[in-house]
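Raw model_3.cif, mmCIF, C-alpha atoms:
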data_entry
loop_
_atom_site.label_atom_id
_atom_site.label_comp_id
_atom_site.auth_asym_id
_atom_site.auth_seq_id
_atom_site.Cartn_x
_atom_site.Cartn_y
_atom_site.Cartn_z
CA MET A 1 -10.34 -32.13 4.57
CA THR A 2 -12.49 -29.12 3.75
CA THR A 3 -14.72 -29.41 0.71
CA LEU A 4 -13.32 -26.06 -0.45
CA TRP A 5 -9.91 -27.62 -1.01
CA PRO A 6 -9.43 -27.97 -4.78
CA ASP A 7 -6.64 -30.55 -5.10
CA SER A 8 -6.86 -34.08 -3.75
CA ASP A 9 -3.19 -34.66 -4.59
CA VAL A 10 -1.98 -32.07 -2.09
CA SER A 11 -2.86 -31.95 1.60
CA PRO A 12 -3.76 -28.52 3.01
CA ASP A 13 -2.19 -29.51 6.32
CA GLU A 14 1.09 -30.37 4.65
CA MET A 15 1.10 -27.20 2.55
CA LEU A 16 0.42 -25.09 5.61
CA GLN A 17 3.14 -26.80 7.64
CA VAL A 18 5.71 -26.35 4.87
CA ALA A 19 4.78 -22.65 4.66
CA ILE A 20 5.06 -22.30 8.45
CA ASP A 21 8.49 -23.95 8.52
CA ALA A 22 9.67 -21.76 5.64
CA ALA A 23 8.38 -18.58 7.28
CA ARG A 24 10.09 -19.39 10.56
CA GLU A 25 13.35 -20.10 8.76
CA GLY A 26 13.09 -16.84 6.82
CA GLY A 27 12.32 -14.93 10.01
CA ALA A 28 15.34 -16.40 11.80
CA ILE A 29 17.56 -15.28 8.92
CA LEU A 30 16.20 -11.73 9.14
CA LYS A 31 16.90 -11.57 12.85
CA ASP A 32 20.40 -12.93 12.31
CA TRP A 33 21.19 -10.32 9.65
CA ALA A 34 19.69 -7.53 11.76
CA GLY A 35 22.15 -8.34 14.49
CA ARG A 36 25.09 -7.71 12.17
CA PHE A 37 24.31 -4.06 11.50
CA THR A 38 26.50 -2.89 14.37
CA ILE A 39 29.52 -5.06 13.53
CA THR A 40 29.97 -4.53 9.82
CA GLU A 41 31.24 -1.69 7.68
CA LYS A 42 28.75 -2.38 4.90
CA SER A 43 25.86 0.01 4.39
CA ARG A 44 22.48 -0.87 5.78
CA ALA A 45 21.03 -0.85 2.27
CA ASN A 46 23.43 -3.60 1.22
CA LEU A 47 22.65 -5.59 4.33
CA VAL A 48 18.95 -5.40 3.68
CA THR A 49 19.49 -6.62 0.13
CA GLU A 50 21.50 -9.55 1.44
CA ALA A 51 18.97 -10.25 4.18
CA ASP A 52 16.10 -10.17 1.65
CA PHE A 53 17.82 -12.57 -0.71
CA ALA A 54 18.98 -14.91 2.04
CA SER A 55 15.49 -15.11 3.50
CA GLN A 56 13.84 -15.60 0.12
CA HIS A 57 16.37 -18.24 -0.93
CA ALA A 58 15.72 -20.26 2.21
CA ILE A 59 11.94 -19.95 1.89
CA HIS A 60 11.95 -20.92 -1.76
CA ALA A 61 14.36 -23.82 -1.23
CA ARG A 62 12.26 -25.34 1.54
CA ILE A 63 8.97 -25.09 -0.36
CA HIS A 64 10.52 -26.13 -3.68
CA ARG A 65 11.99 -29.30 -2.15
CA ARG A 66 8.50 -30.50 -1.26
CA PHE A 67 6.57 -29.03 -4.21
CA PRO A 68 9.08 -28.89 -7.09
CA THR A 69 6.51 -28.54 -9.88
CA GLN A 70 4.60 -25.61 -8.40
CA ASN A 71 5.02 -21.97 -9.41
CA PHE A 72 6.67 -19.17 -7.46
CA VAL A 73 6.73 -15.39 -7.47
CA GLY A 74 8.59 -13.27 -4.96
CA GLU A 75 9.73 -9.74 -4.28
CA GLU A 76 13.42 -10.32 -4.94
CA GLY A 77 13.18 -11.31 -8.60
CA LEU A 78 11.71 -14.74 -7.94
CA ALA A 79 9.62 -15.98 -10.88
CA GLU A 80 9.20 -19.66 -11.71
CA THR A 81 6.40 -20.89 -13.93
CA ASN A 82 5.53 -24.55 -14.47
CA SER A 83 2.51 -24.41 -16.75
CA ASP A 84 1.18 -27.81 -15.69
CA SER A 85 0.62 -26.71 -12.10
CA PRO A 86 -2.32 -24.54 -10.98
CA TRP A 87 -0.47 -23.72 -7.75
CA ARG A 88 1.58 -20.56 -7.20
CA TRP A 89 3.46 -19.50 -4.09
CA VAL A 90 3.59 -15.75 -3.45
CA ILE A 91 6.51 -14.79 -1.21
CA ASP A 92 7.69 -11.64 0.50
CA PRO A 93 10.84 -12.47 2.51
CA LEU A 94 10.81 -9.09 4.27
CA ASP A 95 7.74 -6.87 4.41
CA GLY A 96 8.60 -3.64 6.18
CA THR A 97 12.09 -2.95 4.85
CA SER A 98 12.38 0.62 6.18
CA ASN A 99 11.33 -0.55 9.63
CA TYR A 100 13.90 -3.32 9.47
CA VAL A 101 16.68 -0.92 8.49
CA HIS A 102 15.90 1.44 11.36
CA GLY A 103 15.55 -1.28 13.97
CA PHE A 104 11.82 -0.65 14.35
CA PRO A 105 10.40 -4.11 15.18
CA TYR A 106 7.42 -4.09 12.84
CA TYR A 107 8.19 -6.30 9.86
CA ALA A 108 7.26 -9.79 8.76
CA VAL A 109 7.71 -12.72 6.42
CA ASN A 110 4.73 -13.19 4.13
CA ILE A 111 3.88 -16.44 2.32
CA ALA A 112 0.70 -17.36 0.42
CA ALA A 113 -0.30 -20.15 -1.93
CA GLU A 114 -2.98 -19.74 -4.57
CA TYR A 115 -4.75 -22.28 -6.75
CA GLY A 116 -5.53 -20.52 -9.99
CA LYS A 117 -6.69 -17.13 -8.74
CA GLU A 118 -7.97 -18.46 -5.41
CA LEU A 119 -5.93 -17.84 -2.27
CA MET A 120 -5.74 -21.08 -0.30
CA ILE A 121 -2.87 -20.82 2.23
CA ALA A 122 -1.63 -17.81 4.21
CA VAL A 123 1.24 -17.42 6.65
CA THR A 124 2.47 -14.12 8.08
CA TYR A 125 5.28 -14.45 10.61
CA ASP A 126 6.48 -11.69 12.93
CA PRO A 127 9.91 -12.86 14.14
CA ASN A 128 10.20 -10.12 16.76
CA ARG A 129 7.07 -11.19 18.66
CA ASP A 130 7.21 -14.80 17.50
CA GLU A 131 3.63 -14.40 16.28
CA LEU A 132 2.51 -16.73 13.52
CA PHE A 133 -0.68 -15.77 11.68
CA THR A 134 -2.11 -18.60 9.58
CA ALA A 135 -5.14 -19.38 7.46
CA VAL A 136 -6.39 -22.14 5.18
CA LYS A 137 -9.31 -21.42 2.88
CA GLY A 138 -12.53 -22.40 4.63
CA ARG A 139 -10.92 -23.11 8.01
CA GLY A 140 -10.68 -19.71 9.70
CA ALA A 141 -7.66 -17.65 10.75
CA PHE A 142 -5.34 -18.07 13.72
CA VAL A 143 -2.42 -16.54 15.58
CA ASN A 144 -0.15 -19.07 17.28
CA GLY A 145 -2.95 -21.59 16.96
CA GLN A 146 -5.65 -19.45 18.57
CA PRO A 147 -8.66 -18.30 16.49
CA ILE A 148 -8.78 -14.62 15.62
CA ARG A 149 -11.65 -12.30 14.73
CA PRO A 150 -11.85 -8.65 13.63
CA THR A 151 -13.15 -5.87 15.87
CA LEU A 152 -16.84 -5.08 16.35
CA VAL A 153 -16.45 -1.32 15.78
CA THR A 154 -19.27 -0.01 13.57
CA ASP A 155 -18.78 3.75 13.66
CA LEU A 156 -15.85 5.44 11.94
CA GLN A 157 -15.47 7.97 14.76
CA ASP A 158 -14.51 5.08 17.05
CA ALA A 159 -12.15 3.45 14.57
CA MET A 160 -8.39 3.09 14.46
CA VAL A 161 -7.45 2.94 10.79
CA VAL A 162 -4.13 2.53 9.02
CA ALA A 163 -2.99 4.19 5.81
CA SER A 164 -0.24 3.14 3.45
CA LEU A 165 1.75 5.95 1.83
CA PRO A 166 4.36 5.37 -0.87
CA VAL A 167 7.93 6.13 0.11
CA ALA A 168 8.85 9.81 -0.32
CA CYS A 169 5.48 10.74 -1.81
CA ARG A 170 4.88 14.44 -2.31
CA PRO A 171 2.08 16.45 -0.64
CA GLU A 172 0.01 16.46 -3.82
CA HIS A 173 0.05 12.66 -4.10
CA TYR A 174 -3.43 11.11 -4.13
CA ALA A 175 -2.53 8.91 -1.14
CA VAL A 176 -1.91 12.02 0.98
CA LYS A 177 -5.23 13.47 -0.13
CA GLN A 178 -6.99 10.25 0.85
CA LEU A 179 -5.35 10.35 4.26
CA LEU A 180 -6.49 13.93 4.81
CA ASN A 181 -10.01 13.04 3.69
CA VAL A 182 -10.25 10.29 6.28
CA MET A 183 -8.56 11.95 9.26
CA PRO A 184 -11.48 14.11 10.47
CA HIS A 185 -13.86 11.14 10.48
CA VAL A 186 -11.95 8.56 12.55
CA GLN A 187 -10.58 8.28 16.05
CA THR A 188 -6.99 7.86 14.86
CA VAL A 189 -4.96 7.18 11.72
CA GLN A 190 -1.66 5.31 11.78
CA ARG A 191 1.05 4.58 9.25
CA THR A 192 3.13 1.59 10.27
CA GLY A 193 5.25 0.48 7.30
CA SER A 194 4.24 -3.18 6.95
CA ALA A 195 1.17 -4.10 4.92
CA ALA A 196 1.60 -7.74 5.91
CA LEU A 197 1.25 -7.00 9.62
CA ASN A 198 -1.44 -4.39 9.03
CA LEU A 199 -3.64 -6.98 7.36
CA ALA A 200 -2.84 -9.56 10.04
CA TYR A 201 -3.78 -7.02 12.70
CA VAL A 202 -7.10 -6.24 10.99
CA ALA A 203 -7.78 -9.98 11.01
CA ALA A 204 -6.81 -10.22 14.68
CA GLY A 205 -8.93 -7.28 15.85
CA ARG A 206 -6.00 -4.96 16.62
CA MET A 207 -6.89 -2.46 13.88
CA ASP A 208 -10.27 -1.66 12.38
CA ALA A 209 -9.25 -0.99 8.79
CA PHE A 210 -6.28 -0.63 6.43
CA TRP A 211 -6.02 0.67 2.87
CA SER A 212 -3.34 1.05 0.24
CA GLY A 213 -2.98 1.92 -3.43
CA SER A 214 0.65 0.87 -3.82
CA LEU A 215 0.97 -2.80 -2.86
CA LYS A 216 2.52 -5.68 -4.81
CA PRO A 217 1.01 -9.19 -4.85
CA TRP A 218 3.47 -10.48 -2.25
CA ASP A 219 2.67 -7.60 0.10
CA MET A 220 -1.00 -8.49 0.38
CA ALA A 221 -1.73 -12.06 -0.75
CA ALA A 222 -1.39 -13.73 2.65
CA GLY A 223 -3.08 -10.88 4.50
CA ILE A 224 -6.12 -10.89 2.26
CA LEU A 225 -6.87 -14.51 3.11
CA LEU A 226 -6.21 -13.88 6.81
CA VAL A 227 -8.77 -11.06 6.90
CA GLN A 228 -11.34 -13.00 4.89
CA GLU A 229 -10.99 -16.16 6.97
CA ALA A 230 -11.18 -14.17 10.21
CA GLY A 231 -14.52 -12.73 9.09
CA GLY A 232 -13.44 -9.34 7.79
CA ARG A 233 -13.84 -7.81 4.36
CA VAL A 234 -11.34 -7.01 1.60
CA THR A 235 -12.19 -5.16 -1.61
CA ARG A 236 -10.67 -2.56 -3.85
CA MET A 237 -11.24 1.01 -2.70
CA LYS A 238 -14.28 1.50 -4.95
CA GLY A 239 -15.77 -1.79 -3.83
CA GLU A 240 -14.73 -4.04 -6.71
CA PRO A 241 -13.50 -7.57 -5.94
CA ILE A 242 -9.93 -7.68 -4.71
CA ASP A 243 -7.21 -8.76 -7.15
CA ILE A 244 -3.65 -9.20 -5.92
CA GLU A 245 -2.31 -8.08 -9.29
CA ILE A 246 -3.92 -4.64 -8.87
CA PRO A 247 -2.42 -2.25 -6.26
CA ASP A 248 -5.76 -1.21 -4.78
CA LEU A 249 -6.89 -2.54 -1.40
CA LEU A 250 -9.36 -1.67 1.35
CA SER A 251 -9.60 -4.09 4.27
CA SER A 252 -11.74 -3.81 7.37
CA ASN A 253 -13.57 -5.65 10.11
CA GLY A 254 -16.49 -6.01 7.68
CA SER A 255 -18.81 -3.60 9.52
CA PRO A 256 -20.40 -0.44 8.01
CA ILE A 257 -17.06 1.34 8.42
CA HIS A 258 -15.95 -0.42 5.23
CA ASP A 259 -18.56 1.35 3.10
CA ALA A 260 -17.97 4.62 4.94
CA LEU A 261 -14.24 4.49 4.18
CA GLN A 262 -14.99 3.54 0.61
CA GLN A 263 -16.92 6.79 0.19
CA LEU A 264 -14.10 8.87 1.71
CA LEU A 265 -11.39 7.20 -0.34
#

Mind turning this structure into structure tokens?
Amino acid sequence: MTTLWPDSDVSPDEMLQVAIDAAREGGAILKDWAGRFTITEKSRANLVTEADFASQHAIHARIHRRFPTQNFVGEEGLAETNSDSPWRWVIDPLDGTSNYVHGFPYYAVNIAAEYGKELMIAVTYDPNRDELFTAVKGRGAFVNGQPIRPTLVTDLQDAMVVASLPVACRPEHYAVKQLLNVMPHVQTVQRTGSAALNLAYVAAGRMDAFWSGSLKPWDMAAGILLVQEAGGRVTRMKGEPIDIEIPDLLSSNGSPIHDALQQLL
């Protein structure tokens, strides 16, 4: 057991395995609901709501059965506080809702566990590619059991970066201005619609950097630990320490492009 693990009463291996099992179950539910879009008269919006809740219910039930005294917070109104426990699970049953609705296969289940304010367990599961990104504090980051590392790109002009824009934001929105500030200085800018997978891809060396000013704790908790454990860097956009309760994130491979983006943003 790593010396960074804070709780001798709970095994990191068991916590990780429970999170993995829950993420896979949630992902299977999402795929099952997605297949019903063509055979139902309900609106897609209603289906997504049902898919979200069904996935979250299954994830919460599985984790709660094993760790009934721990705390939970989740996107779909999940909030359970047991003051005696320092543990909190942070759950997003469907990150990438718009992609899911349109049949664009870029969405994920996101599960993290924190001890106090310290992220300790991370699982991001892509059910379309059957890719499971995992991390335990102090043990590195993995995809399907294989170690991952960020890219080695050091110059912004060679970088592929990803921006997060709020839904239906107007041209004068600060996020649009940030995007325009960055565009002339990088090789390419993408907008993908899933912060969970964006962070996992930064960790895995598939993207060089990702930023957002509109994320919730469940959108980014798992991904932050994945990037950190892979060897990347995560801060707020002005360089302050990251805080999942504050919607302000800049993640990168940890090279000088991080500071360069910080100046542009």

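Using only C-alpha atoms, the nearest neighbour of Trp218 in chain A within the list A:Pro86, A:Gly232, A:Pro171, A:Pro93 is A:Pro93.
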
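Take CA of Pro247 in chain A and CA of Phe53 in chain A: the distance between them is 23.4 Å.
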
- Message: As a check of understanding, name the residues that the PyMOL selection byres ((chain A and resi 55-65) around 9) selects in the supplied structure, as a count of residues only.
- Response: 36

- Message: I'd like the interatomic distance between CA of Asp126 in chain A and CA of Thr188 in chain A, to a tenth of an Å.
- Response: 23.8 Å

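Nearest residue to Asp259 in chain A, choosing from A:Ile121, A:Ala203, A:Ala113, A:Leu156 and counting only C-alpha atoms: A:Leu156.
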
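The two atoms in question, CA of Leu265 in chain A and CA of Arg206 in chain A, are spaced 21.6 Å apart.
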
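With distances taken over all atoms listed in the file, A:Val73 is the one residue among A:Val202, A:Leu264, A:Val73, A:Leu16 lying closest to Lys216 in chain A.
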